[in-house]
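Structure data (mmCIF, C-alpha atoms) from final.cif:
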```cif
data_final
#
loop_
_atom_site.group_PDB
_atom_site.id
_atom_site.type_symbol
_atom_site.label_atom_id
_atom_site.label_comp_id
_atom_site.auth_asym_id
_atom_site.auth_seq_id
_atom_site.Cartn_x
_atom_site.Cartn_y
_atom_site.Cartn_z
ATOM 1 C CA LEU A 26 2.299 -23.728 4.081
ATOM 2 C CA GLY A 27 1.404 -27.262 3.112
ATOM 3 C CA GLN A 28 4.250 -29.689 3.791
ATOM 4 C CA HIS A 29 6.930 -27.011 3.940
ATOM 5 C CA THR A 30 8.565 -25.228 6.841
ATOM 6 C CA PHE A 31 9.578 -21.688 6.052
ATOM 7 C CA THR A 32 12.016 -19.588 8.081
ATOM 8 C CA LYS A 33 12.841 -15.916 8.002
ATOM 9 C CA MET A 34 9.196 -15.062 7.480
ATOM 10 C CA ARG A 35 8.763 -11.336 7.245
ATOM 11 C CA VAL A 36 5.886 -10.588 9.561
ATOM 12 C CA ALA A 37 3.700 -7.522 9.178
ATOM 13 C CA LEU A 38 2.610 -5.989 12.459
ATOM 14 C CA ALA A 39 -0.724 -4.248 11.995
ATOM 15 C CA THR A 40 -0.486 -0.741 13.371
ATOM 16 C CA LEU A 41 -3.717 0.667 12.053
ATOM 17 C CA GLY A 42 -4.369 2.323 15.404
ATOM 18 C CA CYS A 43 -1.447 4.699 14.902
ATOM 19 C CA ALA A 44 -2.285 5.399 11.254
ATOM 20 C CA ALA A 45 -3.495 8.888 12.037
ATOM 21 C CA ALA A 46 -0.282 9.678 13.896
ATOM 22 C CA VAL A 47 1.989 8.734 11.017
ATOM 23 C CA ALA A 48 -0.265 10.229 8.347
ATOM 24 C CA GLY A 49 0.847 13.769 9.066
ATOM 25 C CA LEU A 50 4.525 12.836 8.978
ATOM 26 C CA ALA A 51 4.698 11.053 5.640
ATOM 27 C CA PRO A 52 2.890 11.114 2.290
ATOM 28 C CA ALA A 53 0.113 8.591 1.767
ATOM 29 C CA GLN A 54 1.373 5.169 0.738
ATOM 30 C CA LYS A 55 0.224 3.897 -2.662
ATOM 31 C CA VAL A 56 -1.749 0.659 -2.325
ATOM 32 C CA LEU A 57 -2.636 -1.247 -5.490
ATOM 33 C CA VAL A 58 -5.771 -3.404 -5.212
ATOM 34 C CA THR A 59 -5.842 -6.015 -7.970
ATOM 35 C CA GLY A 60 -9.090 -7.715 -8.882
ATOM 36 C CA ALA A 61 -10.884 -4.522 -7.886
ATOM 37 C CA GLY A 62 -13.757 -5.372 -10.219
ATOM 38 C CA GLY A 63 -14.731 -8.312 -8.002
ATOM 39 C CA ARG A 64 -16.870 -8.087 -4.866
ATOM 40 C CA THR A 65 -14.028 -8.527 -2.376
ATOM 41 C CA GLY A 66 -11.640 -6.271 -4.294
ATOM 42 C CA ARG A 67 -14.263 -3.546 -4.470
ATOM 43 C CA LEU A 68 -14.863 -3.704 -0.705
ATOM 44 C CA VAL A 69 -11.121 -3.471 -0.010
ATOM 45 C CA LEU A 70 -10.907 -0.473 -2.350
ATOM 46 C CA GLU A 71 -13.872 1.189 -0.644
ATOM 47 C CA LYS A 72 -12.386 0.526 2.800
ATOM 48 C CA LEU A 73 -9.083 2.124 1.817
ATOM 49 C CA SER A 74 -10.807 5.054 0.128
ATOM 50 C CA ASN A 75 -13.277 5.803 2.915
ATOM 51 C CA ASP A 76 -11.502 4.848 6.142
ATOM 52 C CA TYR A 77 -7.769 5.220 5.454
ATOM 53 C CA ARG A 78 -7.566 8.001 2.888
ATOM 54 C CA SER A 79 -5.042 9.974 4.979
ATOM 55 C CA THR A 80 -2.741 6.952 5.284
ATOM 56 C CA PHE A 81 -3.146 5.200 1.932
ATOM 57 C CA ALA A 82 -3.627 6.328 -1.654
ATOM 58 C CA PRO A 83 -5.574 3.406 -3.155
ATOM 59 C CA ILE A 84 -5.259 2.459 -6.802
ATOM 60 C CA ALA A 85 -7.582 -0.049 -8.462
ATOM 61 C CA LEU A 86 -6.280 -2.482 -11.066
ATOM 62 C CA ALA A 87 -8.906 -3.649 -13.545
ATOM 63 C CA ARG A 88 -8.229 -6.339 -16.126
ATOM 64 C CA SER A 89 -10.294 -4.760 -18.927
ATOM 65 C CA THR A 90 -12.015 -1.518 -19.874
ATOM 66 C CA LYS A 91 -15.316 -3.226 -19.017
ATOM 67 C CA ALA A 92 -14.070 -3.922 -15.490
ATOM 68 C CA GLN A 93 -12.682 -0.373 -15.325
ATOM 69 C CA LYS A 94 -16.142 1.083 -16.005
ATOM 70 C CA LYS A 95 -17.648 -1.194 -13.368
ATOM 71 C CA VAL A 96 -15.170 -0.041 -10.721
ATOM 72 C CA ALA A 97 -15.695 3.607 -11.691
ATOM 73 C CA GLU A 98 -19.451 3.224 -11.208
ATOM 74 C CA LEU A 99 -19.102 1.577 -7.789
ATOM 75 C CA VAL A 100 -16.228 3.733 -6.459
ATOM 76 C CA PRO A 101 -16.533 7.013 -8.381
ATOM 77 C CA ASP A 102 -13.422 8.717 -6.962
ATOM 78 C CA ALA A 103 -11.137 5.710 -7.470
ATOM 79 C CA THR A 104 -7.857 5.930 -9.378
ATOM 80 C CA ILE A 105 -7.981 3.060 -11.872
ATOM 81 C CA VAL A 106 -5.346 1.450 -14.066
ATOM 82 C CA VAL A 107 -6.012 -1.264 -16.650
ATOM 83 C CA ALA A 108 -3.700 -4.254 -17.003
ATOM 84 C CA ASP A 109 -4.165 -7.919 -17.858
ATOM 85 C CA VAL A 110 -2.550 -10.063 -15.145
ATOM 86 C CA LEU A 111 -0.982 -12.169 -17.906
ATOM 87 C CA ASP A 112 0.690 -9.114 -19.503
ATOM 88 C CA ASP A 113 4.093 -8.545 -17.849
ATOM 89 C CA VAL A 114 4.675 -5.205 -19.585
ATOM 90 C CA ALA A 115 1.299 -3.796 -18.530
ATOM 91 C CA LEU A 116 1.797 -5.073 -14.972
ATOM 92 C CA GLU A 117 5.217 -3.435 -14.713
ATOM 93 C CA ALA A 118 3.680 -0.066 -15.592
ATOM 94 C CA ALA A 119 0.778 -0.587 -13.169
ATOM 95 C CA PHE A 120 3.058 -1.547 -10.257
ATOM 96 C CA ALA A 121 5.547 1.292 -10.747
ATOM 97 C CA GLY A 122 5.810 3.454 -7.627
ATOM 98 C CA VAL A 123 3.450 1.260 -5.589
ATOM 99 C CA ASP A 124 4.236 0.723 -1.886
ATOM 100 C CA LYS A 125 1.826 -2.102 -1.090
ATOM 101 C CA VAL A 126 -0.372 -4.570 -2.949
ATOM 102 C CA VAL A 127 -3.615 -6.359 -2.067
ATOM 103 C CA LEU A 128 -4.194 -9.258 -4.468
ATOM 104 C CA CYS A 129 -7.906 -10.061 -4.847
ATOM 105 C CA THR A 130 -7.816 -11.660 -8.299
ATOM 106 C CA SER A 131 -9.396 -15.079 -8.757
ATOM 107 C CA ALA A 132 -10.690 -17.214 -11.598
ATOM 108 C CA VAL A 133 -14.483 -16.948 -11.779
ATOM 109 C CA PRO A 134 -16.462 -19.858 -13.241
ATOM 110 C CA SER A 135 -19.773 -19.637 -15.044
ATOM 111 C CA ILE A 136 -22.394 -22.341 -14.821
ATOM 112 C CA LYS A 137 -23.369 -24.363 -17.880
ATOM 113 C CA ILE A 138 -27.094 -23.803 -18.391
ATOM 114 C CA LEU A 139 -27.489 -27.157 -20.132
ATOM 115 C CA SER A 140 -26.227 -28.940 -17.024
ATOM 116 C CA ILE A 141 -28.996 -27.284 -14.959
ATOM 117 C CA ILE A 142 -31.602 -28.411 -17.475
ATOM 118 C CA LYS A 143 -30.271 -31.985 -17.261
ATOM 119 C CA ILE A 144 -30.454 -31.930 -13.455
ATOM 120 C CA LEU A 145 -34.033 -30.622 -13.498
ATOM 121 C CA LEU A 146 -35.089 -33.303 -15.978
ATOM 122 C CA LYS A 147 -33.476 -36.032 -13.877
ATOM 123 C CA LYS A 148 -35.217 -34.745 -10.760
ATOM 124 C CA ALA A 149 -38.520 -34.732 -12.628
ATOM 125 C CA LEU A 150 -37.867 -38.347 -13.616
ATOM 126 C CA PHE A 151 -36.691 -39.332 -10.139
ATOM 127 C CA PHE A 152 -38.023 -42.858 -10.590
ATOM 128 C CA LEU A 153 -35.414 -43.429 -13.341
ATOM 129 C CA PHE A 154 -32.426 -41.608 -11.806
ATOM 130 C CA ASN A 155 -31.138 -42.094 -8.274
ATOM 131 C CA ASP A 156 -28.648 -39.244 -8.616
ATOM 132 C CA ALA A 157 -29.484 -36.056 -10.495
ATOM 133 C CA GLY A 158 -25.802 -35.078 -10.575
ATOM 134 C CA ARG A 159 -24.149 -31.707 -10.030
ATOM 135 C CA PRO A 160 -24.073 -28.531 -12.104
ATOM 136 C CA GLU A 161 -21.165 -28.168 -14.502
ATOM 137 C CA PHE A 162 -18.979 -25.091 -14.784
ATOM 138 C CA THR A 163 -16.613 -23.551 -17.271
ATOM 139 C CA PHE A 164 -14.034 -20.761 -17.226
ATOM 140 C CA PRO A 165 -13.596 -18.059 -19.893
ATOM 141 C CA ASP A 166 -10.660 -17.901 -22.273
ATOM 142 C CA ARG A 167 -7.530 -16.675 -20.428
ATOM 143 C CA GLY A 168 -9.510 -16.966 -17.217
ATOM 144 C CA THR A 169 -8.823 -20.513 -16.012
ATOM 145 C CA PRO A 170 -7.480 -21.204 -12.493
ATOM 146 C CA GLU A 171 -4.057 -22.061 -13.888
ATOM 147 C CA GLU A 172 -3.927 -18.793 -15.834
ATOM 148 C CA VAL A 173 -5.384 -16.462 -13.185
ATOM 149 C CA ASP A 174 -4.590 -18.076 -9.839
ATOM 150 C CA TRP A 175 -1.119 -19.357 -10.693
ATOM 151 C CA LEU A 176 0.381 -17.614 -13.734
ATOM 152 C CA GLY A 177 -1.456 -14.331 -13.115
ATOM 153 C CA ALA A 178 -0.732 -14.319 -9.385
ATOM 154 C CA LYS A 179 2.909 -15.225 -10.023
ATOM 155 C CA ALA A 180 3.182 -12.385 -12.544
ATOM 156 C CA GLN A 181 1.800 -9.936 -9.973
ATOM 157 C CA ILE A 182 4.237 -11.128 -7.310
ATOM 158 C CA ASP A 183 7.168 -10.849 -9.708
ATOM 159 C CA ALA A 184 6.056 -7.365 -10.798
ATOM 160 C CA ALA A 185 5.822 -6.345 -7.140
ATOM 161 C CA VAL A 186 9.357 -7.575 -6.465
ATOM 162 C CA ARG A 187 10.722 -5.615 -9.433
ATOM 163 C CA ALA A 188 8.829 -2.498 -8.292
ATOM 164 C CA GLY A 189 10.226 -2.727 -4.752
ATOM 165 C CA VAL A 190 6.829 -3.228 -3.115
ATOM 166 C CA LYS A 191 7.177 -3.246 0.682
ATOM 167 C CA HIS A 192 4.236 -5.457 1.615
ATOM 168 C CA PHE A 193 2.056 -7.897 -0.345
ATOM 169 C CA VAL A 194 -1.354 -9.065 0.902
ATOM 170 C CA PHE A 195 -2.646 -12.241 -0.802
ATOM 171 C CA VAL A 196 -6.375 -12.916 -0.388
ATOM 172 C CA SER A 197 -6.533 -16.650 -1.074
ATOM 173 C CA SER A 198 -8.943 -19.323 0.178
ATOM 174 C CA MET A 199 -9.509 -21.943 2.823
ATOM 175 C CA ASN A 200 -9.305 -25.596 1.681
ATOM 176 C CA GLY A 201 -5.911 -25.207 0.009
ATOM 177 C CA THR A 202 -4.609 -28.319 1.770
ATOM 178 C CA GLN A 203 -7.475 -30.447 0.417
ATOM 179 C CA PRO A 204 -6.788 -31.712 -3.133
ATOM 180 C CA ASP A 205 -10.151 -33.529 -3.146
ATOM 181 C CA SER A 206 -12.167 -30.388 -2.382
ATOM 182 C CA PHE A 207 -15.220 -29.893 -4.584
ATOM 183 C CA LEU A 208 -13.859 -26.479 -5.562
ATOM 184 C CA ASN A 209 -10.947 -28.187 -7.321
ATOM 185 C CA THR A 210 -13.372 -30.135 -9.524
ATOM 186 C CA ILE A 211 -14.985 -26.981 -10.943
ATOM 187 C CA GLY A 212 -14.006 -26.641 -14.589
ATOM 188 C CA ARG A 213 -12.193 -29.971 -14.673
ATOM 189 C CA ARG A 214 -12.333 -31.617 -18.091
ATOM 190 C CA PRO A 215 -13.041 -35.303 -18.813
ATOM 191 C CA ASP A 216 -9.319 -35.918 -19.422
ATOM 192 C CA GLY A 217 -8.526 -34.659 -15.892
ATOM 193 C CA SER A 218 -7.040 -31.317 -16.944
ATOM 194 C CA GLY A 219 -8.380 -27.945 -15.806
ATOM 195 C CA GLY A 220 -9.841 -27.002 -12.441
ATOM 196 C CA ASP A 221 -7.678 -27.261 -9.294
ATOM 197 C CA ILE A 222 -8.266 -23.623 -8.346
ATOM 198 C CA LEU A 223 -7.187 -24.126 -4.724
ATOM 199 C CA LEU A 224 -4.026 -26.009 -5.686
ATOM 200 C CA TRP A 225 -2.986 -23.252 -8.092
ATOM 201 C CA LYS A 226 -3.608 -20.637 -5.386
ATOM 202 C CA ARG A 227 -1.464 -22.643 -2.975
ATOM 203 C CA LYS A 228 1.356 -22.795 -5.506
ATOM 204 C CA ALA A 229 1.211 -18.995 -5.914
ATOM 205 C CA GLU A 230 1.318 -18.589 -2.124
ATOM 206 C CA ARG A 231 4.565 -20.545 -1.965
ATOM 207 C CA HIS A 232 5.982 -18.312 -4.686
ATOM 208 C CA LEU A 233 5.099 -15.269 -2.573
ATOM 209 C CA VAL A 234 6.723 -16.748 0.536
ATOM 210 C CA ALA A 235 9.930 -17.351 -1.431
ATOM 211 C CA SER A 236 9.909 -13.845 -2.955
ATOM 212 C CA GLY A 237 11.572 -12.080 -0.009
ATOM 213 C CA MET A 238 8.796 -9.494 0.335
ATOM 214 C CA ALA A 239 6.937 -8.883 3.577
ATOM 215 C CA TYR A 240 3.609 -10.600 3.102
ATOM 216 C CA THR A 241 0.242 -11.521 4.572
ATOM 217 C CA ILE A 242 -1.693 -14.538 3.265
ATOM 218 C CA ILE A 243 -5.368 -14.798 4.194
ATOM 219 C CA HIS A 244 -7.386 -18.030 3.911
ATOM 220 C CA PRO A 245 -11.059 -17.064 4.389
ATOM 221 C CA GLY A 246 -13.831 -19.624 4.390
ATOM 222 C CA GLY A 247 -16.979 -19.257 2.310
ATOM 223 C CA LEU A 248 -17.704 -15.550 1.973
ATOM 224 C CA VAL A 249 -21.115 -14.271 3.052
ATOM 225 C CA ASP A 250 -22.684 -10.829 2.791
ATOM 226 C CA GLU A 251 -23.654 -10.013 6.358
ATOM 227 C CA PRO A 252 -22.499 -7.621 9.105
ATOM 228 C CA PRO A 253 -19.119 -8.712 10.505
ATOM 229 C CA SER A 254 -20.325 -8.431 14.110
ATOM 230 C CA LYS A 255 -22.653 -11.428 13.740
ATOM 231 C CA ARG A 256 -19.870 -14.019 13.891
ATOM 232 C CA GLU A 257 -17.023 -14.776 16.256
ATOM 233 C CA LEU A 258 -13.599 -14.542 14.639
ATOM 234 C CA VAL A 259 -11.871 -17.930 14.764
ATOM 235 C CA VAL A 260 -8.343 -18.263 13.391
ATOM 236 C CA GLY A 261 -6.292 -21.320 12.393
ATOM 237 C CA VAL A 262 -3.674 -22.455 9.879
ATOM 238 C CA ASP A 263 -3.537 -25.124 7.192
ATOM 239 C CA ASP A 264 -7.291 -25.814 7.365
ATOM 240 C CA GLU A 265 -7.094 -27.087 10.947
ATOM 241 C CA LEU A 266 -10.530 -25.602 11.688
ATOM 242 C CA LEU A 267 -11.994 -27.336 8.663
ATOM 243 C CA LEU A 268 -10.398 -30.687 9.519
ATOM 244 C CA ALA A 269 -11.523 -30.417 13.128
ATOM 245 C CA GLY A 270 -15.121 -30.025 11.999
ATOM 246 C CA SER A 271 -15.522 -26.797 13.941
ATOM 247 C CA GLY A 272 -18.337 -25.595 11.716
ATOM 248 C CA GLN A 273 -16.485 -22.290 11.257
ATOM 249 C CA GLY A 274 -16.615 -22.396 7.476
ATOM 250 C CA ALA A 275 -17.901 -18.948 6.588
ATOM 251 C CA ALA A 276 -16.588 -15.412 6.911
ATOM 252 C CA PRO A 277 -18.263 -12.029 6.305
ATOM 253 C CA ARG A 278 -16.889 -10.418 3.174
ATOM 254 C CA ASP A 279 -16.904 -7.025 4.894
ATOM 255 C CA PHE A 280 -14.660 -8.295 7.687
ATOM 256 C CA LEU A 281 -12.300 -9.822 5.116
ATOM 257 C CA SER A 282 -11.962 -6.415 3.451
ATOM 258 C CA ARG A 283 -10.893 -4.952 6.811
ATOM 259 C CA LEU A 284 -8.430 -7.761 7.427
ATOM 260 C CA ALA A 285 -6.930 -7.310 3.960
ATOM 261 C CA THR A 286 -6.096 -3.655 4.626
ATOM 262 C CA PRO A 287 -2.283 -3.580 4.744
ATOM 263 C CA PRO A 288 -0.529 -2.382 7.921
ATOM 264 C CA SER A 289 1.000 1.073 7.919
ATOM 265 C CA GLU A 290 4.283 -0.205 9.347
ATOM 266 C CA ILE A 291 6.334 -3.374 8.779
ATOM 267 C CA VAL A 292 8.617 -5.008 11.311
ATOM 268 C CA ASP A 293 10.903 -7.864 10.230
ATOM 269 C CA ARG A 294 11.615 -10.851 12.404
ATOM 270 C CA GLU A 295 12.660 -14.444 11.873
ATOM 271 C CA ASP A 296 9.923 -16.967 12.489
ATOM 272 C CA THR A 297 9.041 -20.533 11.638
ATOM 273 C CA ILE A 298 5.777 -21.846 10.299
ATOM 274 C CA PRO A 299 5.200 -25.456 11.459
ATOM 275 C CA SER A 300 4.560 -27.900 8.639
#
```

Would you mind writing the file's structure down as structure tokens?
Amino acid sequence: LGQHTFTKMRVALATLGCAAAVAGLAPAQKVLVTGAGGRTGRLVLEKLSNDYRSTFAPIALARSTKAQKKVAELVPDATIVVADVLDDVALEAAFAGVDKVVLCTSAVPSIKILSIIKILLKKALFFLFNDAGRPEFTFPDRGTPEEVDWLGAKAQIDAAVRAGVKHFVFVSSMNGTQPDSFLNTIGRRPDGSGGDILLWKRKAERHLVASGMAYTIIHPGGLVDEPPSKRELVVGVDDELLLAGSGQGAAPRDFLSRLATPPSEIVDREDTIPS
């Protein structure tokens, strides 16, 4: 990841094809899906609930009672626990007895309406302004990228280590190697603080790699709501597809939910990730 070379990577071999065979021999594994109130987290939860019920016992983690109600409406039979990702005590209780984790939490910005009005006015007065500018965004209290994508993700990883979790899936984002990405400017304040959502995610990924747990880190491109069969799956590391200008910048959210389903078996081997 980034400029680092990591050895002794614990690699998860996906054995979903033999899930039915092992299901009758062992109790269903508990899989905690964090960020289940979001669109990707909900799809992962639905996938586990509908397609792998005999292999996995999915549990949804919601950050608030409001998010809990939302998950309950969308996935009526879901088991839901409530815990703030910045609350170590609540996380410890939520992670107790869990076998695997799928992290889908992410800071979510909201657009500043006034910035849209300014852009529309500038466009209307195009003869005075050459550049109408970009919309401005803000993050809620305790919901900034640093709090959610670094401190919150780190807290989840640490809670998973203490709980003896066997496999941790981290749904992150493409562009993590690009400090100048537009996504990093969202929520940035005039003094330069704030924002940097991709850089905070990358820092949390490194913390996961160093944790000793078996892990999978996924870097999807821009997520789109369309059938997964419409696009060819193209895979790369460290944004090589983006840098090569391949045009492969989007990924169906439904396919991501399938990819984020943890494997039923883990095999350890030593490996090296090139820098």

- Item | Residue IDs satisfying the PyMOL selection byres ((chain A and resi 67) around 10), as a ChimeraX atom specification | /A:58-66,68-73,85,95-96,99-100,129,282

Can you list, as an mmCIF file with C-alpha atoms, keeping the file's coordinate frame, every protein, DNA or RNA residue that comes within 8 Å of stretch 202-207 of chain A when you count all atoms listed in the file, leaving out same-chain residues fewer than 6 positions away?
```cif
data_model
loop_
_atom_site.group_PDB
_atom_site.id
_atom_site.type_symbol
_atom_site.label_atom_id
_atom_site.label_comp_id
_atom_site.auth_asym_id
_atom_site.auth_seq_id
_atom_site.Cartn_x
_atom_site.Cartn_y
_atom_site.Cartn_z
ATOM 1 C CA GLY A 27 1.404 -27.262 3.112
ATOM 2 C CA ASP A 221 -7.678 -27.261 -9.294
ATOM 3 C CA LEU A 223 -7.187 -24.126 -4.724
ATOM 4 C CA LEU A 224 -4.026 -26.009 -5.686
ATOM 5 C CA ASP A 263 -3.537 -25.124 7.192
ATOM 6 C CA ASP A 264 -7.291 -25.814 7.365
#
```

- Message: Let me make sure I understand: among A:Ala239, A:Ile211, A:Ala276, A:Ala185, which one has the smallest atom-to-atom distance to A:Ser198 if we use all atoms listed in the file?
- Response: A:Ala276

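Here atom CA of A:Asp109 stands at a distance of 23.1 Å from atom CA of A:Ile243.
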
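Once A:Ser197 and its same-chain neighbours fewer than 3 positions away are set aside, Leu128, Cys129, Thr130, Ser131, Gly201, Leu223, Lys226, Arg227, Glu230, Ile242, Ile243, His244 and Pro245 of chain A remain within 9 Å of it when counting all atoms listed in the file.
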
- Message: Can you spell out as a ChimeraX atom specification the set of residues that the PyMOL selection byres ((chain A and resi 284) around 10) selects in the structure I just provided?
- Response: /A:39,69,194,196,241,243,278-283,285-288

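Using all atoms listed in the file for every distance, the candidate list A:Ala92, A:Ala119, A:Ala229, A:Ala103 yields A:Ala103 as the residue closest to A:Ser74.
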
- As a check of understanding: the span from atom CA of A:Leu176 to atom CA of A:Gly220 is 13.9 Å

- Message: Take the PyMOL selection byres ((chain A and resi 186) around 12), run it mentally on this structure, and tell me the resulting residues as a ChimeraX atom specification.
- Response: /A:116-117,120-126,179-185,187-193,232-240

- Message: Between atom CA of A:Gly246 and atom CA of A:Ala132, what distance in Å does the model show, to one decimal?
- Response: 16.5 Å

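If only C-alpha atoms are the atoms counted, then among A:Gln54, A:Thr163, A:Gln93, A:Thr104 the closest residue to A:Phe81 is A:Gln54.
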
- Non-local contacts of A:Asp166 (12 Å; only C-alpha atoms; under 2 positions in same chain excluded) as number ranges by chain: A: 132-135, 163-164, 168-173

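Among A:Ala118, A:Ala178, A:Leu139, A:Ala275, the residue with the shortest atom-to-atom distance to A:Lys255, counting only C-alpha atoms, is A:Ala275.
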
- Query: Around (-28.5, -29.9, -17.9) in the file's own coordinates, what residues are found within 12 Å if you use all atoms listed in the file, given back as a list in words?
  - Reply: Ile136, Lys137, Ile138, Leu139, Ser140, Ile141, Ile142, Lys143, Ile144, Leu145, Leu146, Lys147, Lys148, Ala157, Gly158, Arg159, Pro160, Glu161 and Phe162 of chain A

Preceding selection exported with C-alpha atoms as an mmCIF file, in the frame of the given file:
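again-v9.cif written:
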```cif
data_model
loop_
_atom_site.group_PDB
_atom_site.id
_atom_site.type_symbol
_atom_site.label_atom_id
_atom_site.label_comp_id
_atom_site.auth_asym_id
_atom_site.auth_seq_id
_atom_site.Cartn_x
_atom_site.Cartn_y
_atom_site.Cartn_z
ATOM 1 C CA ILE A 136 -22.394 -22.341 -14.821
ATOM 2 C CA LYS A 137 -23.369 -24.363 -17.880
ATOM 3 C CA ILE A 138 -27.094 -23.803 -18.391
ATOM 4 C CA LEU A 139 -27.489 -27.157 -20.132
ATOM 5 C CA SER A 140 -26.227 -28.940 -17.024
ATOM 6 C CA ILE A 141 -28.996 -27.284 -14.959
ATOM 7 C CA ILE A 142 -31.602 -28.411 -17.475
ATOM 8 C CA LYS A 143 -30.271 -31.985 -17.261
ATOM 9 C CA ILE A 144 -30.454 -31.930 -13.455
ATOM 10 C CA LEU A 145 -34.033 -30.622 -13.498
ATOM 11 C CA LEU A 146 -35.089 -33.303 -15.978
ATOM 12 C CA LYS A 147 -33.476 -36.032 -13.877
ATOM 13 C CA LYS A 148 -35.217 -34.745 -10.760
ATOM 14 C CA ALA A 157 -29.484 -36.056 -10.495
ATOM 15 C CA GLY A 158 -25.802 -35.078 -10.575
ATOM 16 C CA ARG A 159 -24.149 -31.707 -10.030
ATOM 17 C CA PRO A 160 -24.073 -28.531 -12.104
ATOM 18 C CA GLU A 161 -21.165 -28.168 -14.502
ATOM 19 C CA PHE A 162 -18.979 -25.091 -14.784
#
```

Have stretch 117-122 of chain A completed to all heavy atoms, please, and pass it along as an mmCIF file, in the frame of the given file.
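Written output follows (selection-v6.cif):
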```cif
data_model
loop_
_atom_site.group_PDB
_atom_site.id
_atom_site.type_symbol
_atom_site.label_atom_id
_atom_site.label_comp_id
_atom_site.auth_asym_id
_atom_site.auth_seq_id
_atom_site.Cartn_x
_atom_site.Cartn_y
_atom_site.Cartn_z
ATOM 1 N N GLU A 117 4.067 -4.220 -15.156
ATOM 2 C CA GLU A 117 5.217 -3.435 -14.713
ATOM 3 C C GLU A 117 4.863 -1.953 -14.627
ATOM 4 O O GLU A 117 5.250 -1.263 -13.681
ATOM 5 C CB GLU A 117 6.397 -3.646 -15.657
ATOM 6 C CG GLU A 117 7.666 -2.989 -15.177
ATOM 7 C CD GLU A 117 8.898 -3.482 -15.917
ATOM 8 O OE1 GLU A 117 8.801 -4.453 -16.685
ATOM 9 O OE2 GLU A 117 9.965 -2.893 -15.712
ATOM 10 N N ALA A 118 4.098 -1.468 -15.607
ATOM 11 C CA ALA A 118 3.680 -0.066 -15.592
ATOM 12 C C ALA A 118 2.695 0.194 -14.452
ATOM 13 O O ALA A 118 2.761 1.223 -13.770
ATOM 14 C CB ALA A 118 3.045 0.297 -16.930
ATOM 15 N N ALA A 119 1.789 -0.759 -14.212
ATOM 16 C CA ALA A 119 0.778 -0.587 -13.169
ATOM 17 C C ALA A 119 1.388 -0.607 -11.773
ATOM 18 O O ALA A 119 0.907 0.081 -10.864
ATOM 19 C CB ALA A 119 -0.281 -1.681 -13.290
ATOM 20 N N PHE A 120 2.450 -1.387 -11.578
ATOM 21 C CA PHE A 120 3.058 -1.547 -10.257
ATOM 22 C C PHE A 120 4.124 -0.484 -9.968
ATOM 23 O O PHE A 120 4.584 -0.387 -8.834
ATOM 24 C CB PHE A 120 3.686 -2.934 -10.133
ATOM 25 C CG PHE A 120 2.712 -4.025 -9.775
ATOM 26 C CD1 PHE A 120 1.731 -4.428 -10.663
ATOM 27 C CD2 PHE A 120 2.772 -4.654 -8.545
ATOM 28 C CE1 PHE A 120 0.834 -5.435 -10.348
ATOM 29 C CE2 PHE A 120 1.887 -5.664 -8.205
ATOM 30 C CZ PHE A 120 0.908 -6.051 -9.114
ATOM 31 N N ALA A 121 4.496 0.288 -10.939
ATOM 32 C CA ALA A 121 5.547 1.292 -10.747
ATOM 33 C C ALA A 121 5.156 2.293 -9.663
ATOM 34 O O ALA A 121 4.066 2.878 -9.685
ATOM 35 C CB ALA A 121 5.812 2.033 -12.060
ATOM 36 N N GLY A 122 6.041 2.477 -8.683
ATOM 37 C CA GLY A 122 5.810 3.454 -7.627
ATOM 38 C C GLY A 122 4.858 3.011 -6.529
ATOM 39 O O GLY A 122 4.549 3.791 -5.624
#
```
